[in-house]
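Here is the structure we will look at.
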There are 2 protein chains.
Amino acid sequence: MIRNTRQRAAVNAVFDELEGFHSAQEVHARMRAAGDTIGLSTVYRAVQALVDDGELDSIRTDAGEAIYRRCSARHHHHLVCRACGRTEEVEGPTVERWADRVAGEHGFVDVKHTLEIFGTCAACHATAAPTPVDGPARQG
Amino acid sequence: MIRNTRQRAAVNAVFDELEGFHSAQEVHARMRAAGDTIGLSTVYRAVQALVDDGELDSIRTDAGEAIYRRCSARHHHHLVCRACGRTEEVEGPTVERWADRVAGEHGFVDVKHTLEIFGTCAACHATAAPTPVDGPARQG
DNA sequence: GGGGCATGTGAGAACTGTTGTCGACTGACC
DNA sequence: GGTCAGTCGACAACAGTTCTCACATGCCCC
């Protein structure tokens with residue numbers, strides 16, 4: 001039996017309010033700052049449950065930290081500003097087809113792929129800013 | 001001044017011998033097993049230096065561990081078997097163009113992207129095997 | 001070839017993000 | 001309201017990585 005608890009709903013609500021990707025630690029800190037007494041373990045559990053339910057998408061930063069974002073259910077990719085963390089969902093049927101075809105040509109089955117695009121958004125390009133979300137160590 | 005040390009050359013040599021992706025810990029264990037007295041810190045330093053030099057490519061597993069592989073210099077992506085860790089380099093000019101175009105349409109500049117394809121290779125598909133290299137938590 | 005010194009090394013501590021543990025709590029079903 | 005499995009929260013434990021610091025050594029200059 002899966003319960004609807006106050007804590008889980010609260011974590012869910014936080015992602016409703018937030019734009020872009022945020023780490024579990026960040027969500028925890030934000031909730032504690034807002035007066036919520038939720039534990040860090042609970043935030044991790046709630047976030048993972050939401051990922052399992054398909055409510056959130058998770059990616060890993062270059063630093064190895066998992067970050068999360070409320071996403072649409074359909075398959076898509078992310079265009080992430082490495083300066084402000086702003087995220088756009090983008091769809092690429094071309095890429096899906098290409099990935100499936102290439103995998104098939106090499107005899108691979110049960111294929112999934114990860115694709116994230118990192119760049120500097122127009123707004124941040126004008127004003128140099130710090131780097132909350134790291135891009136890839138190397139193009140690959 | 002960057003020195004040519006025995007240790008750095010040894011780490012480099014290990015990747016010459018290895019196929020597929022391997023973690024720093026794994027390389028360290030392998031070198032120790034071979035009688036080398038290299039320290040773990042040194043392996044991390046050497047590996048990062050090689051990544052900086054473009055000699056190695058690094059990606060993160062879903063578990064957050066950084067894994068490395070000797071790669072060709074040109075831009076490419078990886079097709080990784082999640083059962084045996086076998087890796088194929090694949091090139092996708094279609095994808096490169098798509099990523100640049102999409103980023104451009106959203107006003108993003110200085111764009112880089114990560115793309116990894118995870119699947120089960122033909123050989124492993126026949127024989128169920130354990131999972132040394134995790135795929136993505138969710139397609140994205 | 002030898003001296004000097006900046007750079008690299010290695011062992012282990014420290015740090016960070018994440019997961020596991022355990023007693024207490026609580027929401028759903030009766 | 002009673003029962004009990006699922007959940008909570010504090011904290012310990014864990015894994016991967018980075019930092020520290022005393023010591024070693026490769027390279028430049030003579």
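In the structure tokens, the first chain shown is A, the next is B, and so on; residue numbers restart at 1 for each chain, and ligands run from 1 in the order shown.
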Define the interface residues of chain D facing chain A as those within 9 Å, counting only C-alpha atoms (C1' of nucleotides), and report them as a short mmCIF file (atom, residue, chain, number, x, y, z; two decimals) with all heavy atoms, in the first residue's frame.
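Everything below was put into selection_19.cif:
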```
data_model
loop_
_atom_site.label_atom_id
_atom_site.label_comp_id
_atom_site.auth_asym_id
_atom_site.auth_seq_id
_atom_site.Cartn_x
_atom_site.Cartn_y
_atom_site.Cartn_z
P DA D 5 1.86 -6.29 9.64
OP1 DA D 5 1.18 -7.59 9.56
OP2 DA D 5 3.09 -6.13 10.45
"O5'" DA D 5 2.17 -5.79 8.15
"C5'" DA D 5 1.08 -5.55 7.26
"C4'" DA D 5 1.25 -4.21 6.57
"O4'" DA D 5 1.10 -3.13 7.54
"C3'" DA D 5 2.61 -3.99 5.93
"O3'" DA D 5 2.44 -3.30 4.71
"C2'" DA D 5 3.36 -3.15 6.94
"C1'" DA D 5 2.24 -2.31 7.54
N9 DA D 5 2.46 -1.88 8.92
C8 DA D 5 3.02 -2.60 9.93
N7 DA D 5 3.07 -1.96 11.08
C5 DA D 5 2.50 -0.73 10.80
C6 DA D 5 2.26 0.40 11.59
N6 DA D 5 2.57 0.48 12.89
N1 DA D 5 1.68 1.46 11.00
C2 DA D 5 1.36 1.39 9.70
N3 DA D 5 1.54 0.37 8.85
C4 DA D 5 2.13 -0.67 9.46
P DG D 6 3.65 -3.11 3.68
OP1 DG D 6 3.19 -3.57 2.37
OP2 DG D 6 4.89 -3.65 4.29
"O5'" DG D 6 3.76 -1.53 3.64
"C5'" DG D 6 2.60 -0.76 3.37
"C4'" DG D 6 2.86 0.69 3.72
"O4'" DG D 6 2.98 0.83 5.16
"C3'" DG D 6 4.14 1.28 3.13
"O3'" DG D 6 3.82 2.56 2.61
"C2'" DG D 6 5.10 1.35 4.30
"C1'" DG D 6 4.14 1.59 5.46
N9 DG D 6 4.61 1.13 6.77
C8 DG D 6 5.15 -0.10 7.08
N7 DG D 6 5.47 -0.22 8.34
C5 DG D 6 5.12 1.01 8.90
C6 DG D 6 5.23 1.47 10.24
O6 DG D 6 5.67 0.88 11.23
N1 DG D 6 4.77 2.78 10.37
C2 DG D 6 4.26 3.53 9.34
N2 DG D 6 3.86 4.77 9.65
N3 DG D 6 4.14 3.11 8.09
C4 DG D 6 4.59 1.85 7.94
P DT D 7 4.93 3.43 1.88
OP1 DT D 7 4.24 4.20 0.83
OP2 DT D 7 6.09 2.57 1.55
"O5'" DT D 7 5.37 4.44 3.01
"C5'" DT D 7 4.39 5.28 3.60
"C4'" DT D 7 5.01 6.10 4.70
"O4'" DT D 7 5.34 5.24 5.81
"C3'" DT D 7 6.30 6.82 4.32
"O3'" DT D 7 6.08 8.22 4.44
"C2'" DT D 7 7.35 6.30 5.30
"C1'" DT D 7 6.48 5.76 6.44
N1 DT D 7 7.08 4.65 7.22
C2 DT D 7 7.27 4.82 8.57
O2 DT D 7 6.97 5.85 9.17
N3 DT D 7 7.82 3.74 9.22
C4 DT D 7 8.19 2.54 8.65
O4 DT D 7 8.67 1.64 9.35
C5 DT D 7 7.97 2.43 7.24
C7 DT D 7 8.35 1.16 6.52
C6 DT D 7 7.43 3.49 6.60
P DC D 8 7.25 9.24 4.15
OP1 DC D 8 6.63 10.44 3.58
OP2 DC D 8 8.35 8.57 3.45
"O5'" DC D 8 7.73 9.58 5.62
"C5'" DC D 8 6.77 9.98 6.58
"C4'" DC D 8 7.45 10.27 7.90
"O4'" DC D 8 7.82 9.03 8.50
"C3'" DC D 8 8.72 11.09 7.75
"O3'" DC D 8 8.60 12.29 8.51
"C2'" DC D 8 9.84 10.21 8.27
"C1'" DC D 8 9.12 9.11 9.03
N1 DC D 8 9.71 7.76 8.85
C2 DC D 8 10.20 7.06 9.97
O2 DC D 8 10.18 7.59 11.08
N3 DC D 8 10.71 5.81 9.79
C4 DC D 8 10.73 5.27 8.57
N4 DC D 8 11.22 4.05 8.45
C5 DC D 8 10.23 5.97 7.44
C6 DC D 8 9.73 7.20 7.62
P DG D 9 9.57 13.50 8.21
OP1 DG D 9 8.87 14.73 8.60
OP2 DG D 9 10.11 13.34 6.86
"O5'" DG D 9 10.74 13.23 9.25
"C5'" DG D 9 10.45 13.20 10.62
"C4'" DG D 9 11.71 12.89 11.40
"O4'" DG D 9 12.04 11.49 11.22
"C3'" DG D 9 12.94 13.67 10.96
"O3'" DG D 9 13.67 14.01 12.14
"C2'" DG D 9 13.72 12.67 10.11
"C1'" DG D 9 13.38 11.36 10.80
N9 DG D 9 13.41 10.18 9.94
C8 DG D 9 13.11 10.11 8.61
N7 DG D 9 13.21 8.90 8.12
C5 DG D 9 13.61 8.12 9.19
C6 DG D 9 13.87 6.74 9.28
O6 DG D 9 13.80 5.89 8.38
N1 DG D 9 14.25 6.35 10.56
C2 DG D 9 14.35 7.21 11.64
N2 DG D 9 14.72 6.67 12.79
N3 DG D 9 14.10 8.51 11.57
C4 DG D 9 13.73 8.90 10.33
P DA D 10 14.73 15.15 12.14
OP1 DA D 10 14.23 16.24 13.01
OP2 DA D 10 15.16 15.45 10.76
"O5'" DA D 10 15.92 14.42 12.91
"C5'" DA D 10 15.64 13.71 14.10
"C4'" DA D 10 16.77 12.75 14.39
"O4'" DA D 10 16.62 11.59 13.55
"C3'" DA D 10 18.16 13.32 14.12
"O3'" DA D 10 19.00 13.05 15.24
"C2'" DA D 10 18.62 12.60 12.86
"C1'" DA D 10 17.86 11.29 12.93
N9 DA D 10 17.53 10.71 11.62
C8 DA D 10 17.12 11.38 10.50
N7 DA D 10 16.89 10.60 9.47
C5 DA D 10 17.17 9.33 9.94
C6 DA D 10 17.11 8.07 9.34
N6 DA D 10 16.75 7.87 8.07
N1 DA D 10 17.45 7.00 10.09
C2 DA D 10 17.81 7.20 11.36
N3 DA D 10 17.90 8.34 12.05
C4 DA D 10 17.56 9.38 11.27
#
```
Please identify every residue of chain C that has at least one atom no more than 8 Å from any atom of chain B, counting only C-alpha atoms (C1' of nucleotides), and report them as an MDAnalysis selection string.
chainID C and resid 7:11
Restricting the output to N, CA and C atoms (P, O5', C5', C4', C3', O3' and C1' of nucleotides), write the selected residues as a CSV table (one decimal), in the first residue's frame.
```csv
chain,number,residue,atom,x,y,z
C,7,DT,P,55.5,24.6,-10.5
C,7,DT,O5',55.3,23.1,-10.6
C,7,DT,C5',56.0,22.3,-11.5
C,7,DT,C4',55.9,20.9,-11.2
C,7,DT,C3',54.5,20.4,-10.9
C,7,DT,O3',54.2,19.3,-11.8
C,7,DT,C1',56.0,19.6,-9.3
C,8,DG,P,52.9,18.4,-11.7
C,8,DG,O5',53.4,17.1,-10.9
C,8,DG,C5',54.4,16.4,-11.5
C,8,DG,C4',54.6,15.1,-10.7
C,8,DG,C3',53.3,14.3,-10.5
C,8,DG,O3',53.6,12.9,-10.6
C,8,DG,C1',54.4,14.9,-8.4
C,9,DT,P,52.5,11.9,-10.3
C,9,DT,O5',52.9,11.3,-8.9
C,9,DT,C5',54.3,10.8,-8.7
C,9,DT,C4',54.4,10.3,-7.3
C,9,DT,C3',53.2,9.4,-6.9
C,9,DT,O3',53.7,8.1,-6.5
C,9,DT,C1',53.6,11.1,-5.2
C,10,DG,P,52.8,6.9,-6.4
C,10,DG,O5',52.4,6.8,-4.8
C,10,DG,C5',53.5,6.8,-3.9
C,10,DG,C4',52.9,6.8,-2.5
C,10,DG,C3',51.7,6.0,-2.3
C,10,DG,O3',51.7,5.4,-1.0
C,10,DG,C1',51.2,8.2,-1.7
C,11,DA,P,50.9,4.1,-0.7
C,11,DA,O5',50.4,4.4,0.8
C,11,DA,C5',51.3,5.0,1.7
C,11,DA,C4',50.5,5.7,2.8
C,11,DA,C3',49.2,5.0,3.2
C,11,DA,O3',49.2,4.9,4.6
C,11,DA,C1',48.8,7.3,2.6
```
Hey, could you make a per-residue contact list for chain A against chain B with 8 Å as the cut-off, showing the nearest pair of atoms and its distance in Å to one decimal, counting only C-alpha atoms, sorted by chain and number, as a tab-separated table?
```
residue	atom	partner	partner_atom	distance
A:Asp57	CA	B:Arg138	CA	7.2
A:Ser58	CA	B:Ala137	CA	7.4
A:Arg60	CA	B:Gly64	CA	7.2
A:Asp62	CA	B:Arg60	CA	7.7
A:Gly64	CA	B:Gly64	CA	5.0
A:Glu65	CA	B:Gly64	CA	7.2
A:Ala66	CA	B:Gly64	CA	8.0
A:His75	CA	B:Gly140	CA	6.5
A:His76	CA	B:Gly140	CA	5.6
A:His77	CA	B:Gly140	CA	4.9
A:His78	CA	B:Gly140	CA	7.4
A:Leu79	CA	B:Ala103	CA	7.0
A:Cys81	CA	B:Phe108	CA	7.6
A:Val90	CA	B:Val102	CA	7.7
A:Gly92	CA	B:Trp98	CA	7.8
A:Thr94	CA	B:Val95	CA	7.7
A:Val95	CA	B:Val95	CA	5.9
A:Trp98	CA	B:Val95	CA	7.7
A:Ala99	CA	B:Ile117	CA	7.0
A:Val102	CA	B:Val90	CA	7.7
A:Ala103	CA	B:Leu79	CA	7.0
A:His106	CA	B:Cys121	CA	7.6
A:Gly107	CA	B:Ala122	CA	5.1
A:Phe108	CA	B:Cys121	CA	4.3
A:Val109	CA	B:Thr120	CA	5.2
A:Asp110	CA	B:Gly119	CA	5.3
A:Val111	CA	B:Gly119	CA	4.2
A:Lys112	CA	B:Phe118	CA	5.3
A:His113	CA	B:Ile117	CA	4.2
A:Thr114	CA	B:Gly140	CA	5.1
A:Leu115	CA	B:Leu115	CA	4.4
A:Glu116	CA	B:Thr114	CA	5.4
A:Ile117	CA	B:His113	CA	4.2
A:Phe118	CA	B:Lys112	CA	5.3
A:Gly119	CA	B:Val111	CA	4.2
A:Thr120	CA	B:Val109	CA	5.2
A:Cys121	CA	B:Phe108	CA	4.3
A:Ala122	CA	B:Gly107	CA	5.1
A:His125	CA	B:Val109	CA	7.4
A:Gly135	CA	B:Lys112	CA	7.5
A:Pro136	CA	B:Thr114	CA	6.5
A:Ala137	CA	B:Ser58	CA	7.2
A:Arg138	CA	B:Asp57	CA	7.0
A:Gln139	CA	B:His113	CA	5.8
A:Gly140	CA	B:His77	CA	5.0
```
Just the alpha helix (DSSP H) stuff from range 18-104 of chain B, please, per backbone DSSP, written as a ChimeraX atom specification.
/B:24-33,40-52,93-104
